[in-house]
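Here is the file structure-v2.txt (compact mmCIF, C-alpha atoms).
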# COMPACT_ATOMS: atom_id res chain seq x y z
CA MET A 491 -2.09 -5.76 -12.41
CA HIS A 492 -1.51 -2.09 -11.71
CA GLU A 493 1.47 -1.86 -14.06
CA LEU A 494 -0.67 -0.16 -16.73
CA SER A 495 -1.55 2.74 -14.41
CA ILE A 496 2.12 2.99 -13.46
CA ALA A 497 3.12 2.95 -17.14
CA MET A 498 0.61 5.71 -17.88
CA SER A 499 2.09 7.83 -15.09
CA ILE A 500 5.54 7.28 -16.59
CA VAL A 501 4.32 8.31 -20.04
CA ASP A 502 2.70 11.49 -18.65
CA MET A 503 5.84 12.37 -16.74
CA VAL A 504 8.17 11.73 -19.68
CA GLN A 505 5.96 13.64 -22.11
CA GLU A 506 6.07 16.65 -19.83
CA ALA A 507 9.85 16.44 -19.62
CA ALA A 508 10.14 16.04 -23.41
CA GLU A 509 7.95 19.09 -23.94
CA ARG A 510 10.29 21.12 -21.77
CA GLN A 511 13.09 20.02 -24.13
CA GLY A 512 11.24 21.48 -27.11
CA ASN A 513 9.21 18.34 -27.93
CA ALA A 514 12.36 16.31 -28.36
CA GLN A 515 12.07 12.76 -29.66
CA VAL A 516 12.53 10.37 -26.76
CA GLN A 517 14.52 7.23 -27.55
CA PHE A 518 15.17 5.70 -24.14
CA VAL A 519 13.57 6.14 -20.73
CA TYR A 520 15.70 4.99 -17.79
CA LEU A 521 13.80 3.76 -14.76
CA ARG A 522 14.93 2.48 -11.35
CA LEU A 523 12.62 -0.21 -10.04
CA GLY A 524 12.96 -1.49 -6.47
CA LEU A 525 12.22 -5.16 -5.84
CA LEU A 526 9.90 -4.20 -2.97
CA THR A 527 7.56 -1.99 -5.00
CA GLY A 528 5.24 -4.81 -6.01
CA VAL A 529 5.69 -3.79 -9.65
CA VAL A 530 6.67 -6.57 -12.06
CA LYS A 531 9.32 -5.68 -14.62
CA GLU A 532 7.94 -7.76 -17.51
CA ALA A 533 4.39 -6.51 -16.97
CA LEU A 534 5.62 -2.94 -16.80
CA LEU A 535 7.56 -3.30 -20.06
CA SER A 536 4.54 -4.53 -22.00
CA SER A 537 2.26 -1.99 -20.32
CA TYR A 538 4.69 0.76 -21.29
CA GLU A 539 4.41 -0.21 -24.93
CA MET A 540 0.62 -0.01 -24.68
CA ALA A 541 0.68 3.30 -22.84
CA CYS A 542 3.00 4.81 -25.47
CA ALA A 543 0.76 3.98 -28.42
CA GLU A 544 -0.28 7.09 -30.34
CA THR A 545 1.72 9.41 -28.13
CA LEU A 546 4.97 11.28 -28.76
CA LEU A 547 6.71 8.40 -27.03
CA GLU A 548 5.63 5.71 -29.45
CA GLY A 549 8.69 3.67 -30.41
CA SER A 550 10.71 4.65 -27.34
CA THR A 551 12.28 1.99 -25.13
CA LEU A 552 11.90 1.67 -21.38
CA VAL A 553 15.16 0.57 -19.76
CA ILE A 554 14.64 -0.83 -16.27
CA GLU A 555 17.35 -1.12 -13.64
CA GLU A 556 16.18 -3.39 -10.84
CA ILE A 557 17.23 -2.27 -7.36
CA PRO A 558 17.80 -5.04 -4.82
CA VAL A 559 16.46 -4.80 -1.29
CA GLU A 560 18.97 -3.38 1.15
CA VAL A 561 18.33 -3.33 4.88
CA PHE A 562 20.17 -1.86 7.84
CA CYS A 563 21.62 -4.51 10.16
CA PRO A 564 21.61 -3.18 13.72
CA LYS A 565 24.19 -5.75 14.84
CA CYS A 566 26.71 -5.25 12.02
CA ASP A 567 25.79 -1.55 12.09
CA GLY A 568 25.72 -1.27 8.32
CA PRO A 569 23.73 -1.76 5.11
CA ARG A 570 23.26 -5.33 3.86
CA LEU A 571 21.51 -6.82 0.81
CA VAL A 572 18.82 -9.34 1.78
CA GLU A 573 19.08 -12.67 0.01
CA SER A 574 15.30 -13.10 -0.23
CA ILE A 575 12.37 -10.79 0.36
CA GLN A 576 10.81 -13.70 2.25
CA TRP A 577 13.43 -13.37 4.94
CA PHE A 578 14.22 -9.88 6.20
CA CYS A 579 17.46 -10.53 8.01
CA CYS A 580 21.14 -9.78 7.71
CA PRO A 581 22.75 -12.28 5.29
CA GLU A 582 25.90 -12.30 7.40
CA CYS A 583 24.83 -12.52 11.04
CA GLY A 584 21.16 -13.51 10.60
CA THR A 585 19.77 -10.67 12.72
CA PRO A 586 16.17 -9.88 11.67
CA THR A 587 15.63 -6.28 10.68
CA PRO A 588 12.62 -4.39 9.32
CA LYS A 589 14.62 -1.30 8.38
CA VAL A 590 14.59 -1.01 4.59
CA LEU A 591 17.16 1.31 2.99
CA HIS A 592 16.62 0.47 -0.68
CA GLY A 593 14.18 -1.51 -2.79
CA LYS A 594 11.20 0.84 -2.83
CA GLU A 595 12.46 2.99 -5.72
CA LEU A 596 10.13 3.67 -8.64
CA GLU A 597 11.83 6.54 -10.30
CA VAL A 598 12.45 7.91 -13.78
CA VAL A 599 16.11 8.86 -13.65
CA ALA A 600 16.82 10.09 -17.17
CA LEU A 601 15.75 10.25 -20.80
CA GLU A 602 17.81 9.88 -23.92
CA ILE A 603 16.53 12.29 -26.51
CA ARG A 604 17.31 13.36 -30.04
CA GLU A 605 16.54 16.96 -30.94
CA MET B 471 15.31 14.66 -36.81
CA SER B 472 18.90 15.72 -36.48
CA GLY B 473 21.53 16.04 -33.83
CA GLU B 474 23.26 13.64 -31.48
CA PRO B 475 21.39 11.75 -28.79
CA ARG B 476 21.48 13.59 -25.49
CA LEU B 477 20.85 12.44 -21.93
CA VAL B 478 18.44 14.52 -19.84
CA GLU B 479 18.34 13.93 -16.11
CA VAL B 480 14.82 13.65 -14.65
CA ARG B 481 15.06 11.98 -11.20
CA LYS B 482 11.36 11.93 -10.48
CA ASN B 483 9.31 9.47 -8.44
CA VAL B 484 6.65 7.93 -10.69
CA LEU B 485 4.07 7.94 -7.87
CA LYS B 486 4.90 11.51 -6.88
CA GLN B 487 1.41 12.76 -7.67
CA ASN B 488 -0.17 10.11 -5.44
CA ASP B 489 2.39 10.72 -2.70
CA LEU B 490 1.69 14.46 -2.73
CA VAL B 491 -2.06 13.91 -2.36
CA ALA B 492 -1.43 11.31 0.38
CA ARG B 493 0.85 13.67 2.26
CA ALA B 494 -1.76 16.45 2.13
CA LEU B 495 -4.41 14.02 3.40
CA ARG B 496 -2.20 12.89 6.29
CA GLU B 497 -1.61 16.50 7.29
CA ARG B 498 -5.35 17.24 7.08
CA PHE B 499 -6.12 14.22 9.30
CA ARG B 500 -3.42 15.27 11.77
CA GLN B 501 -4.77 18.79 12.07
CA ALA B 502 -8.30 17.46 12.52
CA GLY B 503 -7.10 15.13 15.28
CA MET B 504 -8.46 12.15 13.33
CA PHE B 505 -6.75 8.77 13.03
CA ALA B 506 -6.91 7.01 9.65
CA VAL B 507 -6.62 3.23 9.40
CA SER B 508 -6.51 1.30 6.13
CA LEU B 509 -7.22 -2.39 5.63
CA VAL B 510 -5.62 -4.56 2.98
CA SER B 511 -6.01 -8.27 2.31
CA SER B 512 -6.91 -10.81 -0.33
CA PRO B 513 -10.59 -11.03 -1.38
CA GLY B 514 -12.64 -12.99 1.11
CA SER B 515 -10.37 -12.74 4.14
CA GLY B 516 -13.07 -11.01 6.14
CA LYS B 517 -12.23 -7.30 5.85
CA THR B 518 -15.84 -6.20 5.72
CA ALA B 519 -17.00 -8.44 8.59
CA PHE B 520 -14.04 -7.25 10.66
CA LEU B 521 -14.79 -3.62 9.83
CA GLU B 522 -18.49 -4.01 10.61
CA LYS B 523 -17.62 -5.46 14.02
CA THR B 524 -15.04 -2.74 14.64
CA LEU B 525 -17.44 0.08 13.72
CA THR B 526 -20.24 -1.41 15.81
CA MET B 527 -18.07 -1.90 18.91
CA LEU B 528 -16.18 1.37 18.62
CA ARG B 529 -19.18 3.56 17.86
CA SER B 530 -20.24 3.91 21.51
CA ARG B 531 -16.79 5.18 22.47
CA ALA B 532 -15.61 7.16 19.44
CA ARG B 533 -16.79 8.93 16.31
CA VAL B 534 -16.13 6.54 13.45
CA ALA B 535 -16.68 6.41 9.69
CA ALA B 536 -15.58 4.23 6.81
CA LEU B 537 -14.75 4.31 3.12
CA VAL B 538 -14.87 1.04 1.27
CA GLY B 539 -13.30 0.30 -2.10
CA ASP B 540 -14.52 -2.29 -4.59
CA LEU B 541 -14.38 -2.76 -8.34
CA ALA B 542 -18.17 -2.94 -8.47
CA THR B 543 -21.36 -3.03 -6.33
CA GLU B 544 -22.31 -1.09 -3.20
CA ASN B 545 -22.89 -4.30 -1.24
CA ASP B 546 -20.11 -3.68 1.26
CA ALA B 547 -21.27 -0.14 2.02
CA ALA B 548 -24.77 -1.50 2.63
CA ARG B 549 -23.36 -4.14 5.02
CA LEU B 550 -21.25 -1.61 6.89
CA ALA B 551 -24.15 0.84 7.14
CA ARG B 552 -25.79 -1.65 9.53
CA SER B 553 -23.26 -0.43 12.10
CA GLN B 554 -25.03 3.01 11.93
CA ALA B 555 -21.68 4.68 11.19
CA PRO B 556 -21.33 6.98 8.15
CA VAL B 557 -20.09 4.87 5.23
CA LYS B 558 -19.26 5.67 1.64
CA GLN B 559 -18.51 3.23 -1.19
CA ILE B 560 -15.68 3.95 -3.61
CA ILE B 561 -16.26 2.13 -6.89
CA THR B 562 -12.98 1.79 -8.72
CA GLY B 563 -14.31 0.30 -11.98
CA THR B 564 -11.44 -1.72 -13.38
CA ILE B 565 -8.78 -0.38 -11.04
CA CYS B 566 -7.45 -3.00 -8.65
CA HIS B 567 -6.42 -0.69 -5.80
CA LEU B 568 -7.31 2.60 -4.12
CA GLU B 569 -5.28 5.73 -4.79
CA ALA B 570 -4.95 8.78 -2.56
CA ALA B 571 -7.03 10.95 -4.93
CA MET B 572 -9.96 8.50 -4.66
CA VAL B 573 -9.87 8.84 -0.88
CA LYS B 574 -9.71 12.61 -1.17
CA ASN B 575 -12.69 12.72 -3.53
CA ALA B 576 -14.71 10.34 -1.37
CA LEU B 577 -14.22 12.65 1.61
CA ASP B 578 -15.94 15.52 -0.21
CA GLY B 579 -18.68 16.84 1.99
CA TRP B 580 -17.33 15.10 5.12
CA ASP B 581 -15.83 17.10 7.97
CA VAL B 582 -12.94 14.98 9.24
CA GLY B 583 -12.79 17.22 12.31
CA GLU B 584 -16.04 15.54 13.39
CA LEU B 585 -14.34 12.13 13.42
CA ASP B 586 -11.97 10.23 15.71
CA PHE B 587 -11.35 7.31 13.35
CA LEU B 588 -11.65 6.89 9.60
CA PHE B 589 -11.35 3.35 8.26
CA ILE B 590 -10.44 2.82 4.62
CA GLU B 591 -11.09 -0.67 3.27
CA ASN B 592 -8.96 -1.24 0.18
CA VAL B 593 -9.93 -3.42 -2.77
CA GLY B 594 -9.31 -7.10 -1.99
CA ASN B 595 -5.87 -7.57 -3.53
CA LEU B 596 -2.52 -8.53 -2.01
CA VAL B 597 -0.37 -7.04 -4.75
CA CYS B 598 -1.36 -3.67 -6.15
CA PRO B 599 -2.41 -1.71 -3.01
CA SER B 600 1.11 -2.00 -1.58
CA SER B 601 2.45 0.72 -3.90
CA TYR B 602 -0.06 3.42 -2.99
CA ASP B 603 0.11 5.61 0.11
CA LEU B 604 -3.43 6.67 1.07
CA GLY B 605 -2.43 9.11 3.80
CA GLU B 606 -3.35 6.58 6.48
CA ASP B 607 -1.71 6.58 9.94
CA LEU B 608 -1.86 2.81 10.24
CA ARG B 609 -2.05 0.09 7.60
CA ILE B 610 -3.44 -3.25 8.70
CA VAL B 611 -2.97 -6.41 6.66
CA LEU B 612 -5.52 -9.17 7.28
CA LEU B 613 -4.88 -12.87 6.95
CA SER B 614 -7.67 -15.37 7.56
CA VAL B 615 -6.98 -18.80 9.03
CA THR B 616 -8.51 -20.42 5.94
CA GLU B 617 -5.93 -18.91 3.59
CA GLY B 618 -2.89 -20.88 4.69
CA GLU B 619 -0.01 -19.98 6.97
CA ASP B 620 2.36 -19.23 4.07
CA LYS B 621 0.42 -16.23 2.68
CA PRO B 622 3.02 -13.78 4.07
CA LEU B 623 5.81 -15.62 2.20
CA LYS B 624 3.79 -15.56 -1.02
CA TYR B 625 3.03 -11.83 -0.76
CA PRO B 626 5.96 -10.35 1.17
CA THR B 627 5.59 -6.91 -0.39
CA ILE B 628 2.17 -6.14 1.04
CA PHE B 629 3.08 -7.53 4.46
CA ASN B 630 6.18 -5.40 4.40
CA SER B 631 4.19 -2.26 3.58
CA ALA B 632 1.77 -2.79 6.51
CA ASP B 633 2.21 -1.78 10.15
CA VAL B 634 0.12 -4.41 11.89
CA ALA B 635 -1.20 -7.88 10.97
CA VAL B 636 -4.60 -9.23 12.02
CA ILE B 637 -5.36 -12.95 11.75
CA THR B 638 -9.12 -13.32 11.23
CA LYS B 639 -11.73 -16.11 11.36
CA LEU B 640 -10.20 -17.60 14.49
CA ASP B 641 -13.51 -19.45 15.07
CA LEU B 642 -12.58 -21.64 12.06
CA ALA B 643 -9.00 -22.32 13.15
CA ALA B 644 -9.59 -25.83 14.50
CA ALA B 645 -11.63 -26.90 11.47
CA VAL B 646 -8.84 -25.99 9.05
CA GLU B 647 -6.03 -27.08 11.42
CA PHE B 648 -4.54 -23.59 11.35
CA ASP B 649 -0.97 -23.47 12.64
CA GLU B 650 -0.76 -20.11 14.42
CA VAL B 651 2.90 -20.50 15.39
CA MET B 652 3.84 -21.08 11.76
CA ALA B 653 1.74 -18.13 10.55
CA ARG B 654 3.33 -15.81 13.11
CA ARG B 655 6.80 -17.05 12.18
CA ASN B 656 6.13 -16.30 8.49
CA ILE B 657 4.85 -12.81 9.30
CA GLN B 658 7.98 -12.11 11.35
CA ALA B 659 10.16 -13.36 8.48
CA VAL B 660 8.84 -10.77 6.04
CA ARG B 661 8.33 -8.00 8.60
CA PRO B 662 10.43 -8.47 11.75
CA GLY B 663 8.84 -6.96 14.85
CA MET B 664 5.36 -6.64 13.37
CA GLU B 665 2.56 -6.66 15.93
CA VAL B 666 0.03 -9.45 15.31
CA PHE B 667 -3.56 -9.83 16.60
CA THR B 668 -5.68 -12.94 16.32
CA LEU B 669 -9.44 -12.57 16.46
CA SER B 670 -12.85 -13.63 15.26
CA SER B 671 -15.25 -11.00 13.96
CA LYS B 672 -18.02 -13.56 14.32
CA SER B 673 -17.58 -14.58 17.96
CA GLY B 674 -15.92 -11.33 19.00
CA GLU B 675 -12.94 -13.17 20.49
CA GLY B 676 -9.85 -10.94 20.49
CA MET B 677 -11.78 -7.83 19.38
CA ALA B 678 -11.55 -6.00 22.72
CA GLU B 679 -7.77 -6.32 22.78
CA PHE B 680 -7.51 -5.06 19.21
CA LEU B 681 -9.79 -2.04 19.85
CA GLU B 682 -7.79 -1.16 22.96
CA PHE B 683 -4.65 -1.19 20.82
CA LEU B 684 -6.32 1.02 18.21
CA GLN B 685 -7.37 3.61 20.76
CA THR B 686 -3.94 3.62 22.36
CA ARG B 687 -2.28 4.14 18.97
CA ARG B 688 -4.61 7.03 18.23
CA ARG B 689 -3.85 8.66 21.58
CA GLN B 690 -0.08 8.21 21.11
CA CYS B 691 -0.19 9.53 17.56
CA ARG B 692 -2.26 12.58 18.42
CA ALA B 693 -0.38 13.28 21.67
CA ALA B 694 2.81 13.43 19.62
CA VAL B 695 1.10 16.12 17.53
CA ALA B 696 0.15 18.17 20.57
CA VAL B 697 3.74 18.27 21.86

Represent the structure from my file as structure tokens, please.
Amino acid sequence: MHELSIAMSIVDMVQEAAERQGNAQVQFVYLRLGLLTGVVKEALLSSYEMACAETLLEGSTLVIEEIPVEVFCPKCDGPRLVESIQWFCCPECGTPTPKVLHGKELEVVALEIRE
Amino acid sequence: MSGEPRLVEVRKNVLKQNDLVARALRERFRQAGMFAVSLVSSPGSGKTAFLEKTLTMLRSRARVAALVGDLATENDAARLARSQAPVKQIITGTICHLEAAMVKNALDGWDVGELDFLFIENVGNLVCPSSYDLGEDLRIVLLSVTEGEDKPLKYPTIFNSADVAVITKLDLAAAVEFDEVMARRNIQAVRPGMEVFTLSSKSGEGMAEFLEFLQTRRRQCRAAVAV
């Protein structure tokens, strides 16, 4: 359960950004979360609420976009979405591949603020 | 409050702070010619026994040291100190994983230039440590024969974040009817091409082969630096 430390990092980062916008009121925080980060969406959402308490962000909503795991298939010579993270292979030709292109994102992309 | 809602682009990695510290550590290790190895596994898979054996066997050939992370107690540091290698305990309190800054702080007062290998034993946990880069050159995931062959399928994320897998407690394999073929197949499913070692820290079986690999990797890594 490291989602609380992650949530606290998000709150710090967003507060800094909000301060740069003249202490704007943050309504929504948009986050990209890769399915290979080991961070659980539901746990992060409830941790975020806790981390926001008594900060400028209290009452804001974390909006999470989950990013599927995409690998590079050497045989098809292109990006492919894996069907399961228990089986790192091309869903079309079955070639195993360790080369991960997407799925490790843990990134605050944008804030929706009201000035 | 007044005004219309407005979208502000941020595009910032949440773990950026950790990644920056990890990157600085990796560069420091590289310049010092030191090779950093981290160990991750579930609690009780034999990380400390494996590390004690590694330190003891490697100490005659190389300059080694270890950092060991736990939520509480200095028991592991005391065990590892029996190897005569320099050892420092990192107590994380309630935190279930190591972060790069903890490694950096623990190295205070140590000259990494005096070392060939630094081992970093993470907190026993197969979930949280996967997200945090510690600046290591090699991440080893341990799986003991008593845990079941399907551990890699249950925790694909940590296996995917590691470079090498080590199957430990081989001396108990027959007693628990461990299926090595199945375990290897599951590791390859979540991390195709991953190198796998099987060994026993207790009997020493397989240790020589693993240490040879470690020294070769260090030479290759540091030779690449020299070029």

Could you give me, as CSV, a per-residue list for chain B showing, wherever an atom lies at most 9 Å from an atom of chain A, the closest pair of atoms and their distance in Å to one decimal, using all atoms listed in the file and sorting by chain then residue number from low to high?
residue,atom,partner,partner_atom,distance
B:Met471,CA,A:Glu605,CA,6.4
B:Ser472,CA,A:Glu605,CA,6.1
B:Gly473,CA,A:Glu605,CA,5.8
B:Glu474,CA,A:Arg604,CA,6.1
B:Pro475,CA,A:Arg604,CA,4.6
B:Arg476,CA,A:Ile603,CA,5.2
B:Leu477,CA,A:Glu602,CA,4.4
B:Val478,CA,A:Leu601,CA,5.1
B:Glu479,CA,A:Ala600,CA,4.3
B:Val480,CA,A:Ala600,CA,4.8
B:Arg481,CA,A:Val599,CA,4.1
B:Lys482,CA,A:Val598,CA,5.3
B:Asn483,CA,A:Glu597,CA,4.3
B:Val484,CA,A:Glu597,CA,5.4
B:Leu485,CA,A:Leu596,CA,7.5
B:Gln487,CA,A:Ser499,CA,8.9
B:Ile565,CA,A:His492,CA,7.5
B:Cys566,CA,A:His492,CA,6.7
B:His567,CA,A:His492,CA,7.8
B:Val597,CA,A:Gly528,CA,6.2
B:Cys598,CA,A:His492,CA,5.8
B:Pro599,CA,A:His492,CA,8.8
B:Ser600,CA,A:Gly528,CA,6.7
B:Ser601,CA,A:Thr527,CA,5.9
B:Pro622,CA,A:Gln576,CA,8.0
B:Leu623,CA,A:Gln576,CA,5.4
B:Lys624,CA,A:Gln576,CA,8.0
B:Tyr625,CA,A:Gln576,CA,8.5
B:Pro626,CA,A:Gln576,CA,6.0
B:Thr627,CA,A:Leu526,CA,5.7
B:Ile628,CA,A:Gly528,CA,7.8
B:Asn630,CA,A:Pro588,CA,8.2
B:Ser631,CA,A:Leu526,CA,8.9
B:Asn656,CA,A:Gln576,CA,8.2
B:Gln658,CA,A:Phe578,CA,8.4
B:Ala659,CA,A:Trp577,CA,4.8
B:Val660,CA,A:Gln576,CA,5.2
B:Arg661,CA,A:Pro588,CA,5.7
B:Pro662,CA,A:Pro588,CA,5.2
B:Gly663,CA,A:Pro588,CA,7.2
B:Met664,CA,A:Pro588,CA,8.6

**Study point:** Non-local contacts of segment 541-548 of chain B (12 Å; only C-alpha atoms; under 5 positions in same chain excluded) as a PyMOL selection string
**Key:** chain B and resi 513-514+516-522+535-536+553-568+590-595

**Study point:** Given all atoms listed in the file as the counted atoms, nearest of B:Leu640, B:Leu537, B:Val611, B:Val634 to Leu684 of chain B
**Key:**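 The closest residue to Leu684 of chain B is B:Val634.
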
**Study point:** Selection: 9 Å around Leu669 of chain B, all atoms listed in the file, excl. self and same-chain fewer than 4 positions, as a ChimeraX atom specification
**Key:** /B:636-641,673-677,680

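Atom CA of Phe648 of chain B is positioned 7.4 Å from atom CA of Thr616 of chain B.
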
Exercise for review: May I have the protein, DNA and RNA residues with any atom at most 12 Å from the point (-2.6, 8.2, 6.1), counting all atoms listed in the file, written as a PyMOL selection string?
Suggested key: chain B and resi 488-500+504-509+569-570+573-574+587-590+602-610+632-633+691

**Study point:** Length of the atom CA of Val572 of chain A to atom CA of Val666 of chain B vector [Å]
**Key:**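 Result for atom CA of Val572 of chain A versus atom CA of Val666 of chain B: 23.2 Å, one decimal.
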
Reconstruct segment 605-630 of chain B at the level of N, CA and C atoms, and format the result as a compact mmCIF listing (two decimals), in the coordinates of the input.
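Result went into selection39.txt, see below:
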# COMPACT_ATOMS: atom_id res chain seq x y z
N GLY B 605 -2.41 8.09 2.75
CA GLY B 605 -2.43 9.11 3.80
C GLY B 605 -2.83 8.54 5.15
N GLU B 606 -2.93 7.21 5.23
CA GLU B 606 -3.35 6.58 6.48
C GLU B 606 -2.25 6.66 7.55
N ASP B 607 -2.67 6.59 8.83
CA ASP B 607 -1.71 6.58 9.94
C ASP B 607 -1.28 5.15 10.24
N LEU B 608 -2.13 4.20 9.91
CA LEU B 608 -1.86 2.81 10.24
C LEU B 608 -2.41 1.94 9.12
N ARG B 609 -1.57 1.02 8.63
CA ARG B 609 -2.05 0.09 7.60
C ARG B 609 -2.09 -1.31 8.21
N ILE B 610 -3.27 -1.91 8.14
CA ILE B 610 -3.44 -3.25 8.70
C ILE B 610 -3.57 -4.25 7.57
N VAL B 611 -2.81 -5.33 7.64
CA VAL B 611 -2.97 -6.41 6.66
C VAL B 611 -3.70 -7.56 7.36
N LEU B 612 -4.73 -8.08 6.70
CA LEU B 612 -5.52 -9.17 7.28
C LEU B 612 -5.15 -10.49 6.63
N LEU B 613 -5.16 -11.52 7.43
CA LEU B 613 -4.88 -12.87 6.95
C LEU B 613 -5.87 -13.79 7.66
N SER B 614 -6.71 -14.49 6.89
CA SER B 614 -7.67 -15.37 7.56
C SER B 614 -7.08 -16.77 7.72
N VAL B 615 -7.55 -17.47 8.74
CA VAL B 615 -6.98 -18.80 9.03
C VAL B 615 -7.22 -19.78 7.88
N THR B 616 -8.21 -19.50 7.04
CA THR B 616 -8.51 -20.42 5.94
C THR B 616 -7.59 -20.24 4.73
N GLU B 617 -6.75 -19.20 4.77
CA GLU B 617 -5.93 -18.91 3.59
C GLU B 617 -4.60 -19.67 3.55
N GLY B 618 -4.19 -20.21 4.68
CA GLY B 618 -2.89 -20.88 4.69
C GLY B 618 -1.85 -20.02 5.37
N GLU B 619 -0.99 -20.68 6.13
CA GLU B 619 -0.01 -19.98 6.97
C GLU B 619 1.09 -19.32 6.14
N ASP B 620 1.24 -19.75 4.85
CA ASP B 620 2.36 -19.23 4.07
C ASP B 620 2.02 -17.99 3.24
N LYS B 621 0.82 -17.44 3.42
CA LYS B 621 0.42 -16.23 2.68
C LYS B 621 1.47 -15.11 2.79
N PRO B 622 2.02 -14.84 3.98
CA PRO B 622 3.02 -13.78 4.07
C PRO B 622 4.24 -14.03 3.18
N LEU B 623 4.64 -15.31 3.03
CA LEU B 623 5.81 -15.62 2.20
C LEU B 623 5.48 -15.48 0.72
N LYS B 624 4.19 -15.69 0.38
CA LYS B 624 3.79 -15.56 -1.02
C LYS B 624 3.63 -14.09 -1.42
N TYR B 625 3.25 -13.26 -0.46
CA TYR B 625 3.03 -11.83 -0.76
C TYR B 625 3.83 -10.95 0.20
N PRO B 626 5.16 -11.09 0.18
CA PRO B 626 5.96 -10.35 1.17
C PRO B 626 5.84 -8.84 1.05
N THR B 627 5.61 -8.36 -0.18
CA THR B 627 5.59 -6.91 -0.39
C THR B 627 4.48 -6.23 0.39
N ILE B 628 3.29 -6.79 0.34
CA ILE B 628 2.17 -6.14 1.04
C ILE B 628 2.35 -6.25 2.55
N PHE B 629 2.84 -7.40 3.02
CA PHE B 629 3.08 -7.53 4.46
C PHE B 629 4.14 -6.55 4.91
N ASN B 630 5.12 -6.34 4.04
CA ASN B 630 6.18 -5.40 4.40
C ASN B 630 5.70 -3.97 4.42
